[in-house]
$ cat entry_0.cif   # mmCIF, C-alpha atoms
data_work
#
loop_
_atom_site.label_atom_id
_atom_site.label_comp_id
_atom_site.auth_asym_id
_atom_site.auth_seq_id
_atom_site.Cartn_x
_atom_site.Cartn_y
_atom_site.Cartn_z
CA MET A 1 -14.91 -6.53 -10.12
CA ARG A 2 -11.29 -5.93 -11.12
CA HIS A 3 -10.66 -6.54 -14.80
CA PRO A 4 -8.14 -9.40 -15.38
CA GLY A 5 -4.67 -7.99 -15.94
CA ARG A 6 -5.58 -4.52 -14.75
CA LEU A 7 -3.28 -3.10 -12.11
CA PRO A 8 -4.79 -1.19 -9.17
CA LEU A 9 -4.09 2.44 -8.51
CA THR A 10 -1.42 1.75 -5.92
CA VAL A 11 1.26 0.33 -8.18
CA LYS A 12 4.81 1.31 -7.32
CA ASN A 13 5.35 3.75 -10.15
CA GLU A 14 2.27 5.79 -9.38
CA GLU A 15 3.01 5.91 -5.67
CA GLN A 16 6.52 7.13 -6.36
CA GLY A 17 5.33 9.59 -8.97
CA ALA A 18 2.66 11.04 -6.71
CA GLY A 19 5.26 11.39 -3.94
CA ARG A 20 7.40 13.50 -6.26
CA GLY A 21 4.51 15.73 -7.16
CA MET A 22 3.74 14.12 -10.52
CA ARG A 23 0.81 15.82 -12.23
CA ARG A 24 -2.48 13.98 -12.19
CA ASP A 25 -2.54 13.64 -15.97
CA ALA A 26 0.92 12.03 -15.84
CA VAL A 27 -0.24 9.54 -13.20
CA ARG A 28 -3.34 8.82 -15.29
CA ASN A 29 -1.32 8.30 -18.47
CA ARG A 30 1.12 5.94 -16.76
CA ARG A 31 -1.75 3.91 -15.39
CA LYS A 32 -3.43 3.76 -18.81
CA LEU A 33 -0.19 2.46 -20.34
CA LEU A 34 0.23 -0.18 -17.62
CA GLU A 35 -3.36 -1.34 -18.06
CA ALA A 36 -2.94 -1.38 -21.83
CA VAL A 37 0.20 -3.50 -21.71
CA GLY A 38 -1.61 -6.03 -19.51
CA GLU A 39 -4.45 -6.27 -22.03
CA ALA A 40 -2.01 -6.58 -24.94
CA LEU A 41 -0.03 -9.31 -23.19
CA ARG A 42 -3.18 -11.34 -22.64
CA THR A 43 -4.70 -10.94 -26.09
CA GLU A 44 -1.88 -10.43 -28.61
CA PRO A 45 1.51 -11.07 -26.98
CA GLY A 46 3.17 -11.75 -30.32
CA ALA A 47 2.39 -8.23 -31.54
CA MET A 48 3.78 -6.40 -28.52
CA THR A 49 5.08 -3.00 -29.56
CA MET A 50 4.92 0.45 -28.01
CA ALA A 51 2.63 1.51 -30.85
CA VAL A 52 0.15 -1.27 -29.97
CA VAL A 53 0.19 -0.31 -26.29
CA ALA A 54 -0.18 3.40 -27.02
CA GLU A 55 -3.17 2.75 -29.27
CA ARG A 56 -4.86 0.60 -26.61
CA ALA A 57 -4.23 3.34 -24.06
CA ASN A 58 -5.65 6.01 -26.41
CA LEU A 59 -2.38 7.92 -26.21
CA SER A 60 0.02 9.10 -28.87
CA LEU A 61 3.20 7.11 -29.44
CA ALA A 62 5.25 10.16 -28.41
CA THR A 63 3.36 10.34 -25.11
CA ALA A 64 3.96 6.65 -24.44
CA TYR A 65 7.69 7.06 -24.99
CA ARG A 66 7.69 10.05 -22.66
CA TYR A 67 6.85 7.74 -19.76
CA PHE A 68 8.63 4.55 -20.82
CA PRO A 69 11.70 4.63 -23.10
CA SER A 70 11.11 1.08 -24.35
CA VAL A 71 8.65 -1.80 -24.32
CA GLU A 72 11.05 -3.62 -22.00
CA GLU A 73 10.80 -0.84 -19.41
CA LEU A 74 7.01 -0.87 -19.68
CA LEU A 75 6.88 -4.64 -19.17
CA LYS A 76 9.18 -4.35 -16.18
CA ALA A 77 6.95 -1.69 -14.63
CA TYR A 78 3.88 -3.90 -15.12
CA LEU A 79 5.56 -6.87 -13.46
CA LEU A 80 6.86 -4.73 -10.61
CA GLY A 81 3.34 -3.49 -9.93
CA VAL A 82 2.17 -7.06 -9.29
CA ILE A 83 5.19 -7.99 -7.19
CA VAL A 84 4.84 -4.88 -5.02
CA GLN A 85 1.26 -5.88 -4.24
CA LEU A 86 2.52 -9.25 -2.99
CA ARG A 87 5.38 -7.65 -1.05
CA ASN A 88 2.99 -5.29 0.75
CA TYR A 89 0.62 -8.14 1.59
CA SER A 90 3.49 -10.26 2.90
CA HIS A 91 4.89 -7.46 5.06
CA ASP A 92 1.47 -6.77 6.58
CA CYS A 93 0.52 -10.40 7.27
CA PRO A 94 0.56 -11.05 11.06
CA LYS A 95 0.92 -14.83 10.81
CA THR A 96 4.11 -16.80 11.47
CA GLY A 97 5.70 -20.12 10.50
CA PRO A 98 4.05 -22.26 7.81
CA ASP A 99 0.79 -20.34 8.33
CA LEU A 100 2.52 -17.19 7.09
CA PHE A 101 3.97 -18.93 4.04
CA GLU A 102 0.66 -20.53 3.13
CA GLU A 103 -1.23 -17.25 3.54
CA VAL A 104 1.19 -15.47 1.20
CA VAL A 105 0.96 -18.38 -1.27
CA ARG A 106 -2.81 -17.96 -1.32
CA GLU A 107 -2.40 -14.26 -2.08
CA TRP A 108 0.09 -15.14 -4.82
CA ALA A 109 -2.48 -17.51 -6.32
CA ARG A 110 -5.05 -14.70 -6.31
CA LEU A 111 -2.62 -12.41 -8.12
CA VAL A 112 -1.79 -15.14 -10.63
CA ARG A 113 -5.49 -15.59 -11.28
CA SER A 114 -5.78 -11.89 -12.10
CA TYR A 115 -2.46 -11.13 -13.78
CA GLY A 116 -0.97 -14.52 -14.63
CA PRO A 117 -2.12 -14.66 -18.26
CA ALA A 118 -0.17 -11.45 -18.85
CA MET A 119 2.76 -12.26 -16.58
CA VAL A 120 3.58 -15.54 -18.32
CA GLN A 121 4.42 -13.56 -21.44
CA ILE A 122 7.26 -11.77 -19.61
CA ARG A 123 10.40 -13.89 -19.43
CA SER A 124 13.99 -13.03 -18.57
CA ARG A 125 16.85 -14.68 -20.42
CA THR A 126 18.99 -14.63 -17.27
CA GLY A 127 18.76 -17.25 -14.53
CA PHE A 128 17.01 -16.51 -11.25
CA LEU A 129 20.04 -16.85 -8.96
CA THR A 130 22.18 -14.69 -11.23
CA ARG A 131 19.54 -11.96 -11.12
CA LEU A 132 19.05 -12.38 -7.36
CA ARG A 133 22.75 -12.00 -6.62
CA GLY A 134 23.05 -9.16 -9.10
CA ASN A 135 20.34 -7.17 -7.25
CA ASP A 136 18.03 -7.21 -10.26
CA GLU A 137 15.33 -4.56 -9.77
CA VAL A 138 12.52 -7.07 -10.34
CA ILE A 139 13.98 -9.93 -8.29
CA THR A 140 14.86 -7.73 -5.31
CA PRO A 141 11.19 -7.06 -4.41
CA VAL A 142 10.50 -10.78 -4.99
CA ARG A 143 13.04 -11.49 -2.27
CA ASP A 144 11.48 -8.81 -0.07
CA ALA A 145 8.05 -10.42 -0.50
CA TRP A 146 9.16 -13.97 0.29
CA GLU A 147 12.05 -13.63 2.73
CA ARG A 148 9.99 -13.64 5.92
CA PRO A 149 7.58 -16.41 4.81
CA ILE A 150 10.36 -18.66 3.51
CA ARG A 151 12.65 -18.14 6.50
CA SER A 152 9.70 -18.93 8.79
CA VAL A 153 9.20 -22.26 7.02
CA MET A 154 12.92 -22.99 7.05
CA ARG A 155 13.04 -22.51 10.82
CA HIS A 156 9.97 -24.73 11.23
CA LEU A 157 11.58 -27.49 9.12
CA ASN A 158 15.04 -27.03 10.68
CA VAL A 159 16.56 -26.04 7.34
CA PRO A 160 19.76 -24.00 7.95
CA ASP A 161 19.75 -20.32 6.98
CA GLU A 162 22.62 -20.92 4.55
CA HIS A 163 20.12 -22.48 2.14
CA PHE A 164 17.93 -19.38 1.84
CA ASP A 165 18.96 -18.35 -1.68
CA HIS A 166 18.26 -21.86 -2.94
CA ALA A 167 14.99 -21.97 -1.00
CA LEU A 168 13.98 -18.84 -2.90
CA PHE A 169 15.18 -20.46 -6.13
CA LEU A 170 12.97 -23.49 -5.44
CA TYR A 171 9.98 -21.25 -4.73
CA ASN A 172 10.52 -19.44 -8.04
CA ALA A 173 10.67 -22.71 -9.96
CA MET A 174 7.68 -24.37 -8.30
CA PHE A 175 5.29 -21.41 -7.99
CA ASP A 176 5.89 -19.92 -11.43
CA PRO A 177 2.62 -18.41 -12.76
CA ARG A 178 2.90 -20.47 -15.94
CA GLU A 179 3.03 -23.72 -13.99
CA ILE A 180 0.22 -22.76 -11.60
CA LEU A 181 -2.05 -21.85 -14.51
CA ASP A 182 -1.05 -25.06 -16.30
CA LEU A 183 -2.04 -27.21 -13.31
CA ILE A 184 -5.40 -25.46 -13.04
CA SER A 185 -6.16 -25.53 -16.77
CA THR A 186 -5.42 -29.27 -16.95
CA GLY A 187 -7.81 -30.32 -14.23
CA LEU A 188 -6.75 -29.36 -10.70
CA SER A 189 -8.71 -26.85 -8.68
CA GLU A 190 -6.78 -23.80 -7.56
CA GLU A 191 -6.97 -24.97 -3.95
CA THR A 192 -5.66 -28.44 -4.81
CA ALA A 193 -2.89 -27.09 -7.02
CA ILE A 194 -1.65 -24.71 -4.32
CA SER A 195 -1.95 -27.34 -1.58
CA ARG A 196 0.08 -29.89 -3.54
CA LEU A 197 2.70 -27.36 -4.61
CA THR A 198 3.09 -26.24 -1.01
CA ALA A 199 3.52 -29.81 0.25
CA ALA A 200 6.02 -30.50 -2.54
CA TYR A 201 7.89 -27.31 -1.67
CA TYR A 202 8.27 -28.34 1.96
CA GLY A 203 9.60 -31.72 0.83
CA ALA A 204 11.98 -30.07 -1.64
CA LEU A 205 13.38 -27.80 1.08
CA GLN A 206 14.10 -30.75 3.33
CA GLY A 207 15.56 -32.78 0.50
CA TRP A 208 17.80 -29.91 -0.57
CA ALA A 209 19.15 -29.46 2.94
CA ARG A 210 19.88 -33.20 3.32
CA ALA A 211 21.63 -33.61 -0.05
#
$ encode --input "entry_0.cif" --output "structure tokens"
Amino acid sequence: MRHPGRLPLTVKNEEQGAGRGMRRDAVRNRRKLLEAVGEALRTEPGAMTMAVVAERANLSLATAYRYFPSVEELLKAYLLGVIVQLRNYSHDCPKTGPDLFEEVVREWARLVRSYGPAMVQIRSRTGFLTRLRGNDEVITPVRDAWERPIRSVMRHLNVPDEHFDHALFLYNAMFDPREILDLISTGLSEETAISRLTAAYYGALQGWARA
């Protein structure tokens, strides 16, 4: 069973590093740091420093800085690893229309179950649309993951393509890991929470287009 917050081997950074001929010990050290930051985010988010992460990874502080120049870069790499998993799943899903969207939502819920407690500790101070239109390196793969599912739903609901950016904005607001975990921790089952959020999202899309 996968340990909560632990990224799999095929995170983006390791795939890219292996493609460039990165040594095995470098790949291993990067993975140890990414796993360590997930553990630290879940258990002691208020004490997040590179020294804490390096100690959890059983690496020297100098080695940690060799791979990530700052805690912020390490957090970004962790978050990207989760998003890339969703993007790959979305691209490979053969379904269409609302079935595609709902299948990708279910996969997102699975990822939130595994990584959500760590992900909720990572917050940007910049708004979603500003980051989307500025080609933010975290938000760009979010768009890649959701573009096909969201556009499929928009076509099904007769929502014009011009509303896509705001459709993505609504998804980000309604399916935030913090809110999904909050719904589940306060009494809803995961299935019920996702079902109600999905129905609310469809209604929000239609309401947005009519306003």
$ closest_atom_pairs --input "entry_0.cif" --of "range 59-176 of chain A" --to "range 31-34 of chain A" --cutoff "12 Å" --atoms "only C-alpha atoms" --output "JSON lines"
{"residue": "A:Leu59", "atom": "CA", "partner": "A:Leu33", "partner_atom": "CA", "distance": 8.3}
{"residue": "A:Ser60", "atom": "CA", "partner": "A:Leu33", "partner_atom": "CA", "distance": 10.8}
{"residue": "A:Leu61", "atom": "CA", "partner": "A:Leu33", "partner_atom": "CA", "distance": 10.8}
{"residue": "A:Thr63", "atom": "CA", "partner": "A:Leu33", "partner_atom": "CA", "distance": 9.9}
{"residue": "A:Ala64", "atom": "CA", "partner": "A:Leu33", "partner_atom": "CA", "distance": 7.2}
{"residue": "A:Tyr65", "atom": "CA", "partner": "A:Leu33", "partner_atom": "CA", "distance": 10.2}
{"residue": "A:Arg66", "atom": "CA", "partner": "A:Leu33", "partner_atom": "CA", "distance": 11.2}
{"residue": "A:Tyr67", "atom": "CA", "partner": "A:Leu33", "partner_atom": "CA", "distance": 8.8}
{"residue": "A:Phe68", "atom": "CA", "partner": "A:Leu33", "partner_atom": "CA", "distance": 9.1}
{"residue": "A:Val71", "atom": "CA", "partner": "A:Leu33", "partner_atom": "CA", "distance": 10.6}
{"residue": "A:Glu73", "atom": "CA", "partner": "A:Leu34", "partner_atom": "CA", "distance": 10.7}
{"residue": "A:Leu74", "atom": "CA", "partner": "A:Leu34", "partner_atom": "CA", "distance": 7.1}
{"residue": "A:Leu75", "atom": "CA", "partner": "A:Leu34", "partner_atom": "CA", "distance": 8.2}
{"residue": "A:Lys76", "atom": "CA", "partner": "A:Leu34", "partner_atom": "CA", "distance": 10.0}
{"residue": "A:Ala77", "atom": "CA", "partner": "A:Leu34", "partner_atom": "CA", "distance": 7.5}
{"residue": "A:Tyr78", "atom": "CA", "partner": "A:Leu34", "partner_atom": "CA", "distance": 5.8}
{"residue": "A:Leu79", "atom": "CA", "partner": "A:Leu34", "partner_atom": "CA", "distance": 9.5}
{"residue": "A:Leu80", "atom": "CA", "partner": "A:Leu34", "partner_atom": "CA", "distance": 10.7}
{"residue": "A:Gly81", "atom": "CA", "partner": "A:Leu34", "partner_atom": "CA", "distance": 8.9}
{"residue": "A:Val82", "atom": "CA", "partner": "A:Leu34", "partner_atom": "CA", "distance": 11.0}
{"residue": "A:Tyr115", "atom": "CA", "partner": "A:Leu34", "partner_atom": "CA", "distance": 11.9}
{"residue": "A:Ala118", "atom": "CA", "partner": "A:Leu34", "partner_atom": "CA", "distance": 11.3}
$ closest_residue --input "entry_0.cif" --among "A:Leu205, A:Leu41, A:Leu188, A:Val142" --to "Met119 in chain A" --atoms "all atoms listed in the file"
A:Leu41
$ closest_residue --input "entry_0.cif" --among "A:Val120, A:Ala51, A:Asn88, A:Asp136" --to "Ser70 in chain A" --atoms "all atoms listed in the file"
A:Ala51
$ atom_distance --input "entry_0.cif" --atom1 "CA of Val112 in chain A" --atom2 "CA of Arg133 in chain A"
25.1 Å
$ closest_residue --input "entry_0.cif" --among "A:Leu168, A:Ala200, A:Val153, A:Ala145" --to "Glu102 in chain A" --atoms "all atoms listed in the file"
A:Val153
$ closest_residue --input "entry_0.cif" --among "A:Val52, A:Ala193, A:Ala167, A:Ala204" --to "Arg148 in chain A" --atoms "all atoms listed in the file"
A:Ala167
$ closest_residue --input "entry_0.cif" --among "A:Leu181, A:Ala57, A:Val104, A:Val159" --to "Arg28 in chain A" --atoms "only C-alpha atoms"
A:Ala57
$ atom_distance --input "entry_0.cif" --atom1 "CA of Glu39 in chain A" --atom2 "CA of Ser189 in chain A"
24.9 Å
$ resolve_selection --input "entry_0.cif" --expression "the PyMOL selection byres ((chain A and resi 105) around 10)" --output "count of residues only"
21
$ atom_distance --input "entry_0.cif" --atom1 "CA of Ser114 in chain A" --atom2 "CA of Thr96 in chain A"
26.0 Å
$ closest_residue --input "entry_0.cif" --among "A:Phe128, A:Tyr202, A:Tyr89, A:Trp208" --to "Ser152 in chain A" --atoms "only C-alpha atoms"
A:Tyr202
$ resolve_selection --input "entry_0.cif" --expression "the PyMOL selection byres ((chain A and resi 141) around 8)" --output "list in words"
Leu80, Ile83, Val84, Arg87, Glu137, Val138, Ile139, Thr140, Val142, Arg143, Asp144 and Ala145 of chain A
$ residues_around --input "entry_0.cif" --residues "Ala40 in chain A" --least-positions-apart "4" --cutoff "9 Å" --atoms "all atoms listed in the file" --output "ChimeraX atom specification"
/A:35-36,44-45,47-48,52-53,56,118
$ axis_aligned_box --input "entry_0.cif" --around "range 109-125 of chain A" --padding-each-side "8 Å" --output "AutoDock Vina command-line options"
--center_x 5.5 --center_y -14.3 --center_z -13.9 --size_x 38.6 --size_y 22.4 --size_z 31.1
